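Below is one structure, written out as structure tokens; the observations come after it.
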Amino acid sequence: MKTITTPSRPRRTRTTWWKTATGLLLTGVMLFPVYWMLNVSFTRDQDMRKGPPDLFPAHGTLRGYRAVLDQQLPYLGTSLVIGLGTVVLTVALAAPAGYALAKLRPRGGSVLSFLFLVAQMIPGIVMAMGFYAIYLSLGLLQSVPGLILADSTLAVPFAVLILTAFMSGIPEELLQAAKTDGAGPLRTFRSIVLPMSRNAVVTVSLFAFLWSWSDFIFASTLAGGGTHEPITLGIYHYIGNNNQEWNAIMATAVVASLPATVILVLAQRYIAAGVTAGAMKD
């Protein structure tokens, strides 16, 4: 009689469960502060110092979120304008620069790329002091365009490096075909290079928005005390003025995190391709 042997389960499948469990545990630990921020934002003032604290807001309140709508919307609107302005300016400057360094190869391009790398190493507070002296003479202190320009100085070097690496992977045959058809460098950039660099453009746009949205150094130095302050200063002032109303403070933090979270979720598939410079297929 022939014996039928059952293949044993691969060792890899037997040992995968603990890796998954470890990953879930570490993810839970890292996301717990976010959950606690949500929990406190719905907690009543009288339950705030309760011991032990409630893991769930059994008697939840929307008082903190009503305070956000009453007091923080102007700060959120200013941050949105600054973020979008920074994205537009960053892409407008970095995309042509990346194309020139990657495909046109100007004289001194390697030195320029090195300078972009060095620019990212300059501490933000040093740049803020320099901007303060310049803006003081130009009358740009406490202005939205001034913050957009300052925030772009952080995003542009990073964007140029990412776009240069990505555009370097575009096949030369496509550019030569466009040149044969009579397209100049500008037409080639607009019709071929830029559409093919969509993933990289989305990636640098997202990082530019996140940097400007979360900026505090430039905001406090260049816009503090003005009529148009971003949400980072709004939270800072709110903590100082309402240091006992933690539900309102946490509700402000939750609302301030929503735009960046939504954009990150929507753009994640482009980011995965964009950070892999030179990958040309979706």
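In the structure tokens, the first chain shown is A, the next is B, and so on; residue numbers restart at 1 for each chain, and ligands run from 1 in the order shown.
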
Compile the contact shell of A:Met167 as a PDB file with N, CA, C and O atoms, in the first residue's frame: residues with an atom at most 12 Å away, counting only C-alpha atoms, same-chain residues fewer than 6 positions apart removed.
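What follows is the written file out11.pdb:
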ATOM      1  N   ALA A  94      11.826  74.390  -8.344  1.00  0.00           N
ATOM      2  CA  ALA A  94      12.611  73.159  -8.283  1.00  0.00           C
ATOM      3  C   ALA A  94      12.468  72.305  -9.535  1.00  0.00           C
ATOM      4  O   ALA A  94      13.439  71.645  -9.940  1.00  0.00           O
ATOM      5  N   ALA A  95      11.300  72.280 -10.159  1.00  0.00           N
ATOM      6  CA  ALA A  95      11.114  71.420 -11.333  1.00  0.00           C
ATOM      7  C   ALA A  95      12.014  71.845 -12.498  1.00  0.00           C
ATOM      8  O   ALA A  95      12.726  71.000 -13.065  1.00  0.00           O
ATOM      9  N   PRO A  96      12.040  73.114 -12.896  1.00  0.00           N
ATOM     10  CA  PRO A  96      12.987  73.502 -13.966  1.00  0.00           C
ATOM     11  C   PRO A  96      14.446  73.300 -13.565  1.00  0.00           C
ATOM     12  O   PRO A  96      15.273  72.916 -14.399  1.00  0.00           O
ATOM     13  N   ALA A  97      14.763  73.569 -12.297  1.00  0.00           N
ATOM     14  CA  ALA A  97      16.142  73.380 -11.842  1.00  0.00           C
ATOM     15  C   ALA A  97      16.543  71.912 -11.906  1.00  0.00           C
ATOM     16  O   ALA A  97      17.652  71.570 -12.344  1.00  0.00           O
ATOM     17  N   GLY A  98      15.641  71.027 -11.473  1.00  0.00           N
ATOM     18  CA  GLY A  98      15.935  69.601 -11.553  1.00  0.00           C
ATOM     19  C   GLY A  98      16.098  69.120 -12.983  1.00  0.00           C
ATOM     20  O   GLY A  98      16.984  68.301 -13.286  1.00  0.00           O
ATOM     21  N   TYR A  99      15.262  69.638 -13.880  1.00  0.00           N
ATOM     22  CA  TYR A  99      15.372  69.281 -15.297  1.00  0.00           C
ATOM     23  C   TYR A  99      16.708  69.751 -15.875  1.00  0.00           C
ATOM     24  O   TYR A  99      17.379  69.019 -16.614  1.00  0.00           O
ATOM     25  N   ALA A 100      17.107  70.963 -15.542  1.00  0.00           N
ATOM     26  CA  ALA A 100      18.367  71.495 -16.060  1.00  0.00           C
ATOM     27  C   ALA A 100      19.557  70.682 -15.554  1.00  0.00           C
ATOM     28  O   ALA A 100      20.465  70.340 -16.318  1.00  0.00           O
ATOM     29  N   LEU A 101      19.562  70.343 -14.265  1.00  0.00           N
ATOM     30  CA  LEU A 101      20.683  69.589 -13.711  1.00  0.00           C
ATOM     31  C   LEU A 101      20.718  68.152 -14.228  1.00  0.00           C
ATOM     32  O   LEU A 101      21.799  67.574 -14.409  1.00  0.00           O
ATOM     33  N   ALA A 102      19.539  67.578 -14.473  1.00  0.00           N
ATOM     34  CA  ALA A 102      19.485  66.175 -14.875  1.00  0.00           C
ATOM     35  C   ALA A 102      19.732  65.977 -16.354  1.00  0.00           C
ATOM     36  O   ALA A 102      20.408  65.015 -16.761  1.00  0.00           O
ATOM     37  N   LYS A 103      19.195  66.884 -17.194  1.00  0.00           N
ATOM     38  CA  LYS A 103      19.229  66.639 -18.637  1.00  0.00           C
ATOM     39  C   LYS A 103      20.025  67.671 -19.431  1.00  0.00           C
ATOM     40  O   LYS A 103      20.634  67.335 -20.425  1.00  0.00           O
ATOM     41  N   LEU A 104      20.002  68.914 -19.010  1.00  0.00           N
ATOM     42  CA  LEU A 104      20.740  69.928 -19.757  1.00  0.00           C
ATOM     43  C   LEU A 104      22.197  70.006 -19.336  1.00  0.00           C
ATOM     44  O   LEU A 104      23.038  70.504 -20.087  1.00  0.00           O
ATOM     45  N   ARG A 105      22.473  69.543 -18.109  1.00  0.00           N
ATOM     46  CA  ARG A 105      23.831  69.450 -17.578  1.00  0.00           C
ATOM     47  C   ARG A 105      24.626  70.742 -17.769  1.00  0.00           C
ATOM     48  O   ARG A 105      25.606  70.780 -18.527  1.00  0.00           O
ATOM     49  N   ALA A 159      13.660  69.479  -2.839  1.00  0.00           N
ATOM     50  CA  ALA A 159      12.893  69.209  -4.053  1.00  0.00           C
ATOM     51  C   ALA A 159      13.801  69.101  -5.273  1.00  0.00           C
ATOM     52  O   ALA A 159      13.603  68.235  -6.136  1.00  0.00           O
ATOM     53  N   VAL A 160      14.801  69.972  -5.369  1.00  0.00           N
ATOM     54  CA  VAL A 160      15.714  69.929  -6.512  1.00  0.00           C
ATOM     55  C   VAL A 160      16.485  68.612  -6.537  1.00  0.00           C
ATOM     56  O   VAL A 160      16.633  67.978  -7.595  1.00  0.00           O
ATOM     57  N   LEU A 161      16.950  68.164  -5.378  1.00  0.00           N
ATOM     58  CA  LEU A 161      17.700  66.908  -5.324  1.00  0.00           C
ATOM     59  C   LEU A 161      16.824  65.724  -5.716  1.00  0.00           C
ATOM     60  O   LEU A 161      17.260  64.834  -6.464  1.00  0.00           O
ATOM     61  N   LEU A 175      13.728  62.142 -25.172  1.00  0.00           N
ATOM     62  CA  LEU A 175      14.103  63.540 -25.373  1.00  0.00           C
ATOM     63  C   LEU A 175      14.656  63.768 -26.776  1.00  0.00           C
ATOM     64  O   LEU A 175      14.393  64.804 -27.397  1.00  0.00           O
ATOM     65  N   PHE A 189      10.352  69.874 -21.708  1.00  0.00           N
ATOM     66  CA  PHE A 189      10.131  69.849 -20.258  1.00  0.00           C
ATOM     67  C   PHE A 189       8.639  69.826 -19.936  1.00  0.00           C
ATOM     68  O   PHE A 189       8.188  69.038 -19.099  1.00  0.00           O
ATOM     69  N   ILE A 192       6.890  66.360 -21.828  1.00  0.00           N
ATOM     70  CA  ILE A 192       7.411  65.005 -21.613  1.00  0.00           C
ATOM     71  C   ILE A 192       7.957  64.827 -20.193  1.00  0.00           C
ATOM     72  O   ILE A 192       7.528  63.938 -19.455  1.00  0.00           O
ATOM     73  N   VAL A 193       8.902  65.680 -19.831  1.00  0.00           N
ATOM     74  CA  VAL A 193       9.602  65.472 -18.563  1.00  0.00           C
ATOM     75  C   VAL A 193       8.678  65.671 -17.371  1.00  0.00           C
ATOM     76  O   VAL A 193       8.644  64.845 -16.451  1.00  0.00           O
ATOM     77  N   LEU A 194       7.912  66.758 -17.378  1.00  0.00           N
ATOM     78  CA  LEU A 194       7.070  67.048 -16.224  1.00  0.00           C
ATOM     79  C   LEU A 194       5.968  66.008 -16.026  1.00  0.00           C
ATOM     80  O   LEU A 194       5.760  65.544 -14.887  1.00  0.00           O
ATOM     81  N   PRO A 195       5.228  65.585 -17.070  1.00  0.00           N
ATOM     82  CA  PRO A 195       4.227  64.523 -16.848  1.00  0.00           C
ATOM     83  C   PRO A 195       4.837  63.218 -16.355  1.00  0.00           C
ATOM     84  O   PRO A 195       4.244  62.529 -15.517  1.00  0.00           O
ATOM     85  N   MET A 196       6.019  62.857 -16.860  1.00  0.00           N
ATOM     86  CA  MET A 196       6.638  61.612 -16.425  1.00  0.00           C
ATOM     87  C   MET A 196       7.185  61.706 -15.001  1.00  0.00           C
ATOM     88  O   MET A 196       7.441  60.677 -14.367  1.00  0.00           O
ATOM     89  N   SER A 197       7.369  62.915 -14.512  1.00  0.00           N
ATOM     90  CA  SER A 197       7.883  63.119 -13.151  1.00  0.00           C
ATOM     91  C   SER A 197       6.765  63.371 -12.147  1.00  0.00           C
ATOM     92  O   SER A 197       7.015  63.939 -11.077  1.00  0.00           O
ATOM     93  N   ARG A 198       5.576  62.947 -12.477  1.00  0.00           N
ATOM     94  CA  ARG A 198       4.421  63.210 -11.622  1.00  0.00           C
ATOM     95  C   ARG A 198       4.634  62.711 -10.194  1.00  0.00           C
ATOM     96  O   ARG A 198       4.327  63.413  -9.228  1.00  0.00           O
ATOM     97  N   ASN A 199       5.149  61.493 -10.054  1.00  0.00           N
ATOM     98  CA  ASN A 199       5.335  60.938  -8.712  1.00  0.00           C
ATOM     99  C   ASN A 199       6.289  61.787  -7.880  1.00  0.00           C
ATOM    100  O   ASN A 199       6.050  62.038  -6.692  1.00  0.00           O
ATOM    101  N   ALA A 200       7.384  62.208  -8.505  1.00  0.00           N
ATOM    102  CA  ALA A 200       8.355  63.034  -7.771  1.00  0.00           C
ATOM    103  C   ALA A 200       7.776  64.396  -7.443  1.00  0.00           C
ATOM    104  O   ALA A 200       8.025  64.944  -6.361  1.00  0.00           O
ATOM    105  N   VAL A 201       6.996  64.972  -8.360  1.00  0.00           N
ATOM    106  CA  VAL A 201       6.380  66.275  -8.102  1.00  0.00           C
ATOM    107  C   VAL A 201       5.401  66.185  -6.932  1.00  0.00           C
ATOM    108  O   VAL A 201       5.364  67.066  -6.057  1.00  0.00           O
ATOM    109  N   GLY A 274       7.753  58.141  -5.765  1.00  0.00           N
ATOM    110  CA  GLY A 274       8.557  59.344  -5.887  1.00  0.00           C
ATOM    111  C   GLY A 274       9.866  59.282  -5.139  1.00  0.00           C
ATOM    112  O   GLY A 274      10.872  59.835  -5.598  1.00  0.00           O
ATOM    113  N   THR A 276      11.611  56.699  -4.727  1.00  0.00           N
ATOM    114  CA  THR A 276      12.492  55.793  -5.450  1.00  0.00           C
ATOM    115  C   THR A 276      12.895  56.482  -6.733  1.00  0.00           C
ATOM    116  O   THR A 276      12.292  56.285  -7.787  1.00  0.00           O
ATOM    117  N   ALA A 277      13.856  57.345  -6.653  1.00  0.00           N
ATOM    118  CA  ALA A 277      14.228  58.177  -7.804  1.00  0.00           C
ATOM    119  C   ALA A 277      14.677  57.317  -8.964  1.00  0.00           C
ATOM    120  O   ALA A 277      15.429  56.360  -8.805  1.00  0.00           O
ATOM    121  N   GLY A 278      14.185  57.677 -10.147  1.00  0.00           N
ATOM    122  CA  GLY A 278      14.557  56.987 -11.356  1.00  0.00           C
ATOM    123  C   GLY A 278      13.590  55.924 -11.774  1.00  0.00           C
ATOM    124  O   GLY A 278      13.694  55.383 -12.874  1.00  0.00           O
ATOM    125  N   ALA A 279      12.620  55.574 -10.938  1.00  0.00           N
ATOM    126  CA  ALA A 279      11.616  54.583 -11.330  1.00  0.00           C
ATOM    127  C   ALA A 279      10.601  55.237 -12.215  1.00  0.00           C
ATOM    128  O   ALA A 279       9.915  56.154 -11.806  1.00  0.00           O
ATOM    129  N   MET A 280      10.449  54.759 -13.435  1.00  0.00           N
ATOM    130  CA  MET A 280       9.662  55.470 -14.415  1.00  0.00           C
ATOM    131  C   MET A 280       8.286  54.876 -14.659  1.00  0.00           C
ATOM    132  O   MET A 280       7.495  55.402 -15.403  1.00  0.00           O
TER     133      MET A 280
END

Please provide as a PyMOL selection string all residues within 12 Å of stretch 119-123 of chain A, with the sequence filter that same-chain residues fewer than 3 positions apart are discarded (counting only C-alpha atoms). chain A and resi 112-116+126-130+152-161+217-218

Please report, as a tab-separated table, each residue of stretch 59-121 of chain A lying at most 12 Å from stretch 37-54 of chain A, together with the nearest pair of atoms and the separation in Å rounded to one decimal; use only C-alpha atoms, and order rows by chain and ascending residue number.
residue	atom	partner	partner_atom	distance
A:His59	CA	A:Thr43	CA	7.1
A:Gly60	CA	A:Phe42	CA	5.0
A:Thr61	CA	A:Phe42	CA	5.1
A:Leu62	CA	A:Phe42	CA	6.1
A:Arg63	CA	A:Phe42	CA	7.8
A:Gly64	CA	A:Ser41	CA	6.2
A:Tyr65	CA	A:Ser41	CA	7.7
A:Arg66	CA	A:Ser41	CA	11.0
A:Ala67	CA	A:Ser41	CA	11.0
A:Val68	CA	A:Ser41	CA	10.8

Written file, previous selection with N, CA, C and O atoms, as a short mmCIF file (atom, residue, chain, number, x, y, z; two decimals), in the first residue's frame:
data_model
loop_
_atom_site.label_atom_id
_atom_site.label_comp_id
_atom_site.auth_asym_id
_atom_site.auth_seq_id
_atom_site.Cartn_x
_atom_site.Cartn_y
_atom_site.Cartn_z
N HIS A 59 -18.25 60.16 29.07
CA HIS A 59 -19.14 61.33 29.05
C HIS A 59 -18.52 62.39 28.15
O HIS A 59 -18.11 63.46 28.62
N GLY A 60 -18.43 62.07 26.88
CA GLY A 60 -17.74 62.92 25.93
C GLY A 60 -18.39 64.28 25.76
O GLY A 60 -19.59 64.47 25.99
N THR A 61 -17.60 65.23 25.34
CA THR A 61 -18.09 66.58 25.09
C THR A 61 -17.43 67.13 23.83
O THR A 61 -16.29 66.77 23.50
N LEU A 62 -18.14 68.00 23.13
CA LEU A 62 -17.61 68.67 21.94
C LEU A 62 -17.20 70.11 22.24
O LEU A 62 -16.98 70.90 21.33
N ARG A 63 -17.07 70.42 23.52
CA ARG A 63 -16.74 71.78 23.92
C ARG A 63 -15.41 72.23 23.33
O ARG A 63 -15.26 73.38 22.88
N GLY A 64 -14.42 71.33 23.30
CA GLY A 64 -13.12 71.69 22.76
C GLY A 64 -13.19 72.00 21.28
O GLY A 64 -12.56 72.95 20.80
N TYR A 65 -13.98 71.25 20.53
CA TYR A 65 -14.09 71.48 19.09
C TYR A 65 -14.90 72.74 18.79
O TYR A 65 -14.64 73.41 17.79
N ARG A 66 -15.85 73.06 19.65
CA ARG A 66 -16.56 74.34 19.47
C ARG A 66 -15.61 75.51 19.68
O ARG A 66 -15.68 76.53 18.99
N ALA A 67 -14.70 75.35 20.64
CA ALA A 67 -13.71 76.41 20.87
C ALA A 67 -12.78 76.55 19.66
O ALA A 67 -12.37 77.67 19.30
N VAL A 68 -12.45 75.44 19.02
CA VAL A 68 -11.61 75.50 17.82
C VAL A 68 -12.31 76.29 16.72
O VAL A 68 -11.71 77.16 16.07
#

Close residues, stretch 225-235 of chain A itself excluded, 9 Å, only C-alpha atoms, min 3 positions apart in chain, as a ChimeraX atom specification: /A:71-80,82,141-144,213-216,219-220,222,238-240,249,252-253,256

For A:Leu206, please output as a PyMOL selection string all residues within 9 Å (counting only C-alpha atoms; exclusion window: fewer than 4 positions along the same chain). chain A and resi 87+201-202+210-211+260+263-264+267+271

Keeping only N, CA and C atoms, take the residues you just selected and write them out as a PDB file, in the first residue's frame.
ATOM      1  N   VAL A  87       3.979  75.268  -1.716  1.00  0.00           N
ATOM      2  CA  VAL A  87       3.993  74.186  -2.710  1.00  0.00           C
ATOM      3  C   VAL A  87       4.160  74.749  -4.117  1.00  0.00           C
ATOM      4  N   VAL A 201       6.996  64.972  -8.360  1.00  0.00           N
ATOM      5  CA  VAL A 201       6.380  66.275  -8.102  1.00  0.00           C
ATOM      6  C   VAL A 201       5.401  66.185  -6.932  1.00  0.00           C
ATOM      7  N   VAL A 202       4.604  65.125  -6.900  1.00  0.00           N
ATOM      8  CA  VAL A 202       3.672  64.944  -5.780  1.00  0.00           C
ATOM      9  C   VAL A 202       4.434  64.770  -4.475  1.00  0.00           C
ATOM     10  N   LEU A 210       3.951  69.898   4.206  1.00  0.00           N
ATOM     11  CA  LEU A 210       4.107  69.480   5.599  1.00  0.00           C
ATOM     12  C   LEU A 210       5.101  70.363   6.339  1.00  0.00           C
ATOM     13  N   TRP A 211       6.185  70.726   5.683  1.00  0.00           N
ATOM     14  CA  TRP A 211       7.172  71.586   6.334  1.00  0.00           C
ATOM     15  C   TRP A 211       6.592  72.960   6.642  1.00  0.00           C
ATOM     16  N   ALA A 260      -2.916  67.560   6.933  1.00  0.00           N
ATOM     17  CA  ALA A 260      -1.706  66.819   6.585  1.00  0.00           C
ATOM     18  C   ALA A 260      -1.979  65.320   6.509  1.00  0.00           C
ATOM     19  N   ILE A 263      -3.970  64.547   3.219  1.00  0.00           N
ATOM     20  CA  ILE A 263      -3.098  64.657   2.047  1.00  0.00           C
ATOM     21  C   ILE A 263      -2.121  63.488   1.996  1.00  0.00           C
ATOM     22  N   LEU A 264      -1.591  63.084   3.148  1.00  0.00           N
ATOM     23  CA  LEU A 264      -0.648  61.969   3.182  1.00  0.00           C
ATOM     24  C   LEU A 264      -1.310  60.669   2.751  1.00  0.00           C
ATOM     25  N   ALA A 267      -1.984  60.730  -1.080  1.00  0.00           N
ATOM     26  CA  ALA A 267      -0.802  60.778  -1.955  1.00  0.00           C
ATOM     27  C   ALA A 267       0.198  59.673  -1.672  1.00  0.00           C
ATOM     28  N   ILE A 271       3.976  58.865  -3.339  1.00  0.00           N
ATOM     29  CA  ILE A 271       5.187  59.043  -2.532  1.00  0.00           C
ATOM     30  C   ILE A 271       6.062  57.802  -2.616  1.00  0.00           C
TER      31      ILE A 271
END

Could you tell me how far atom CA of A:Leu117 lies from atom CA of A:Thr86, in Å and to one decimal? 19.5 Å

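Among A:Ser205, A:Thr180, A:Thr188, A:Asn247, the residue with the shortest atom-to-atom distance to A:Leu84, counting only C-alpha atoms, is A:Ser205.
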
Atomic separation - atom CA of A:Gly124 relative to atom CA of A:Asp151, Å: 9.9 Å

Could you pull out all residues of stretch 54-237 of chain A with a DSSP call of helix (DSSP H, G or I) and give them as an NGL selection string? :A and (63-71 or 73-104 or 109-119 or 124-138 or 144-167 or 172-180 or 185-196 or 198-214 or 217-222 or 231-237)

Go ahead and save the residues from that selection, with C-alpha atoms, as a short mmCIF file (atom, residue, chain, number, x, y, z; two decimals), in the first residue's frame.
data_model
loop_
_atom_site.label_atom_id
_atom_site.label_comp_id
_atom_site.auth_asym_id
_atom_site.auth_seq_id
_atom_site.Cartn_x
_atom_site.Cartn_y
_atom_site.Cartn_z
CA ARG A 63 -16.74 71.78 23.92
CA GLY A 64 -13.12 71.69 22.76
CA TYR A 65 -14.09 71.48 19.09
CA ARG A 66 -16.56 74.34 19.47
CA ALA A 67 -13.71 76.41 20.87
CA VAL A 68 -11.61 75.50 17.82
CA LEU A 69 -14.32 76.70 15.45
CA ASP A 70 -14.73 79.92 17.41
CA GLN A 71 -11.06 80.80 17.84
CA LEU A 73 -10.22 79.01 12.09
CA PRO A 74 -8.27 82.17 11.09
CA TYR A 75 -5.00 80.45 12.03
CA LEU A 76 -5.97 77.36 10.03
CA GLY A 77 -6.87 79.48 7.00
CA THR A 78 -3.54 81.29 7.15
CA SER A 79 -1.64 78.01 7.39
CA LEU A 80 -3.53 76.65 4.40
CA VAL A 81 -2.66 79.69 2.29
CA ILE A 82 0.99 79.50 3.35
CA GLY A 83 1.15 75.76 2.68
CA LEU A 84 -0.35 75.99 -0.81
CA GLY A 85 1.79 79.02 -1.64
CA THR A 86 4.92 77.18 -0.55
CA VAL A 87 3.99 74.19 -2.71
CA VAL A 88 3.43 76.35 -5.80
CA LEU A 89 6.66 78.31 -5.34
CA THR A 90 8.71 75.19 -4.56
CA VAL A 91 7.53 73.27 -7.62
CA ALA A 92 7.86 76.34 -9.87
CA LEU A 93 11.51 76.75 -8.87
CA ALA A 94 12.61 73.16 -8.28
CA ALA A 95 11.11 71.42 -11.33
CA PRO A 96 12.99 73.50 -13.97
CA ALA A 97 16.14 73.38 -11.84
CA GLY A 98 15.94 69.60 -11.55
CA TYR A 99 15.37 69.28 -15.30
CA ALA A 100 18.37 71.50 -16.06
CA LEU A 101 20.68 69.59 -13.71
CA ALA A 102 19.49 66.18 -14.87
CA LYS A 103 19.23 66.64 -18.64
CA LEU A 104 20.74 69.93 -19.76
CA GLY A 109 25.96 71.63 -12.12
CA SER A 110 27.74 69.27 -9.75
CA VAL A 111 28.84 72.20 -7.60
CA LEU A 112 25.31 73.54 -7.56
CA SER A 113 23.95 70.15 -6.47
CA PHE A 114 26.50 70.08 -3.65
CA LEU A 115 25.41 73.56 -2.55
CA PHE A 116 21.78 72.41 -2.43
CA LEU A 117 22.87 69.56 -0.18
CA VAL A 118 24.81 71.93 2.08
CA ALA A 119 21.80 74.28 2.26
CA GLY A 124 16.57 76.86 10.68
CA ILE A 125 17.16 79.38 13.46
CA VAL A 126 20.20 80.74 11.61
CA MET A 127 18.14 81.23 8.47
CA ALA A 128 15.34 82.80 10.50
CA MET A 129 17.69 85.44 11.90
CA GLY A 130 18.94 86.22 8.42
CA PHE A 131 15.41 86.53 7.08
CA TYR A 132 14.46 88.78 9.97
CA ALA A 133 17.20 91.28 9.11
CA ILE A 134 16.28 91.23 5.42
CA TYR A 135 12.51 91.41 5.96
CA LEU A 136 12.93 94.28 8.42
CA SER A 137 14.43 96.43 5.67
CA LEU A 138 12.00 95.23 2.99
CA VAL A 144 2.03 85.83 4.40
CA PRO A 145 4.30 86.24 1.31
CA GLY A 146 7.29 86.53 3.62
CA LEU A 147 6.46 83.23 5.31
CA ILE A 148 5.86 81.52 1.96
CA LEU A 149 9.28 82.64 0.74
CA ALA A 150 11.00 81.59 3.96
CA ASP A 151 9.35 78.16 4.07
CA SER A 152 10.26 77.60 0.42
CA THR A 153 13.95 77.93 1.26
CA LEU A 154 13.63 74.73 3.28
CA ALA A 155 11.73 72.83 0.59
CA VAL A 156 13.47 73.93 -2.61
CA PRO A 157 16.91 72.27 -2.01
CA PHE A 158 15.26 68.97 -1.08
CA ALA A 159 12.89 69.21 -4.05
CA VAL A 160 15.71 69.93 -6.51
CA LEU A 161 17.70 66.91 -5.32
CA ILE A 162 14.68 64.58 -5.55
CA LEU A 163 13.59 65.86 -8.96
CA THR A 164 17.12 65.75 -10.34
CA ALA A 165 17.54 62.12 -9.33
CA PHE A 166 14.12 61.21 -10.70
CA MET A 167 14.50 63.04 -14.02
CA GLU A 172 17.34 59.92 -23.42
CA GLU A 173 15.60 58.39 -26.44
CA LEU A 174 12.37 60.18 -25.53
CA LEU A 175 14.10 63.54 -25.37
CA GLN A 176 15.91 62.92 -28.62
CA ALA A 177 12.63 61.98 -30.31
CA ALA A 178 11.07 65.22 -29.05
CA LYS A 179 14.06 67.18 -30.35
CA THR A 180 13.76 65.48 -33.74
CA PRO A 185 13.96 72.38 -24.20
CA LEU A 186 10.95 74.23 -22.75
CA ARG A 187 8.43 72.25 -24.80
CA THR A 188 10.20 68.98 -23.95
CA PHE A 189 10.13 69.85 -20.26
CA ARG A 190 6.45 70.78 -20.30
CA SER A 191 5.15 67.94 -22.49
CA ILE A 192 7.41 65.00 -21.61
CA VAL A 193 9.60 65.47 -18.56
CA LEU A 194 7.07 67.05 -16.22
CA PRO A 195 4.23 64.52 -16.85
CA MET A 196 6.64 61.61 -16.43
CA ARG A 198 4.42 63.21 -11.62
CA ASN A 199 5.33 60.94 -8.71
CA ALA A 200 8.36 63.03 -7.77
CA VAL A 201 6.38 66.27 -8.10
CA VAL A 202 3.67 64.94 -5.78
CA THR A 203 6.33 63.81 -3.30
CA VAL A 204 8.11 67.16 -3.10
CA SER A 205 4.77 68.98 -2.99
CA LEU A 206 3.68 66.94 0.00
CA PHE A 207 6.92 67.51 1.90
CA ALA A 208 6.81 71.23 1.10
CA PHE A 209 3.27 71.45 2.45
CA LEU A 210 4.11 69.48 5.60
CA TRP A 211 7.17 71.59 6.33
CA SER A 212 5.29 74.84 5.94
CA TRP A 213 2.26 73.55 7.86
CA SER A 214 4.34 72.46 10.86
CA ILE A 217 10.72 78.77 13.91
CA PHE A 218 10.02 80.99 10.89
CA ALA A 219 6.47 81.66 12.08
CA SER A 220 7.48 82.83 15.54
CA THR A 221 10.41 84.87 14.24
CA LEU A 222 8.89 86.46 11.14
CA ILE A 231 -1.81 77.41 13.27
CA THR A 232 1.48 76.59 15.02
CA LEU A 233 1.40 80.02 16.64
CA GLY A 234 -2.33 79.63 17.25
CA ILE A 235 -1.70 76.49 19.29
CA TYR A 236 1.19 78.19 21.09
CA HIS A 237 -0.94 81.18 22.08
#

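Here atom CA of A:Ala21 and atom CA of A:Val34 stand 20.2 Å from one another.
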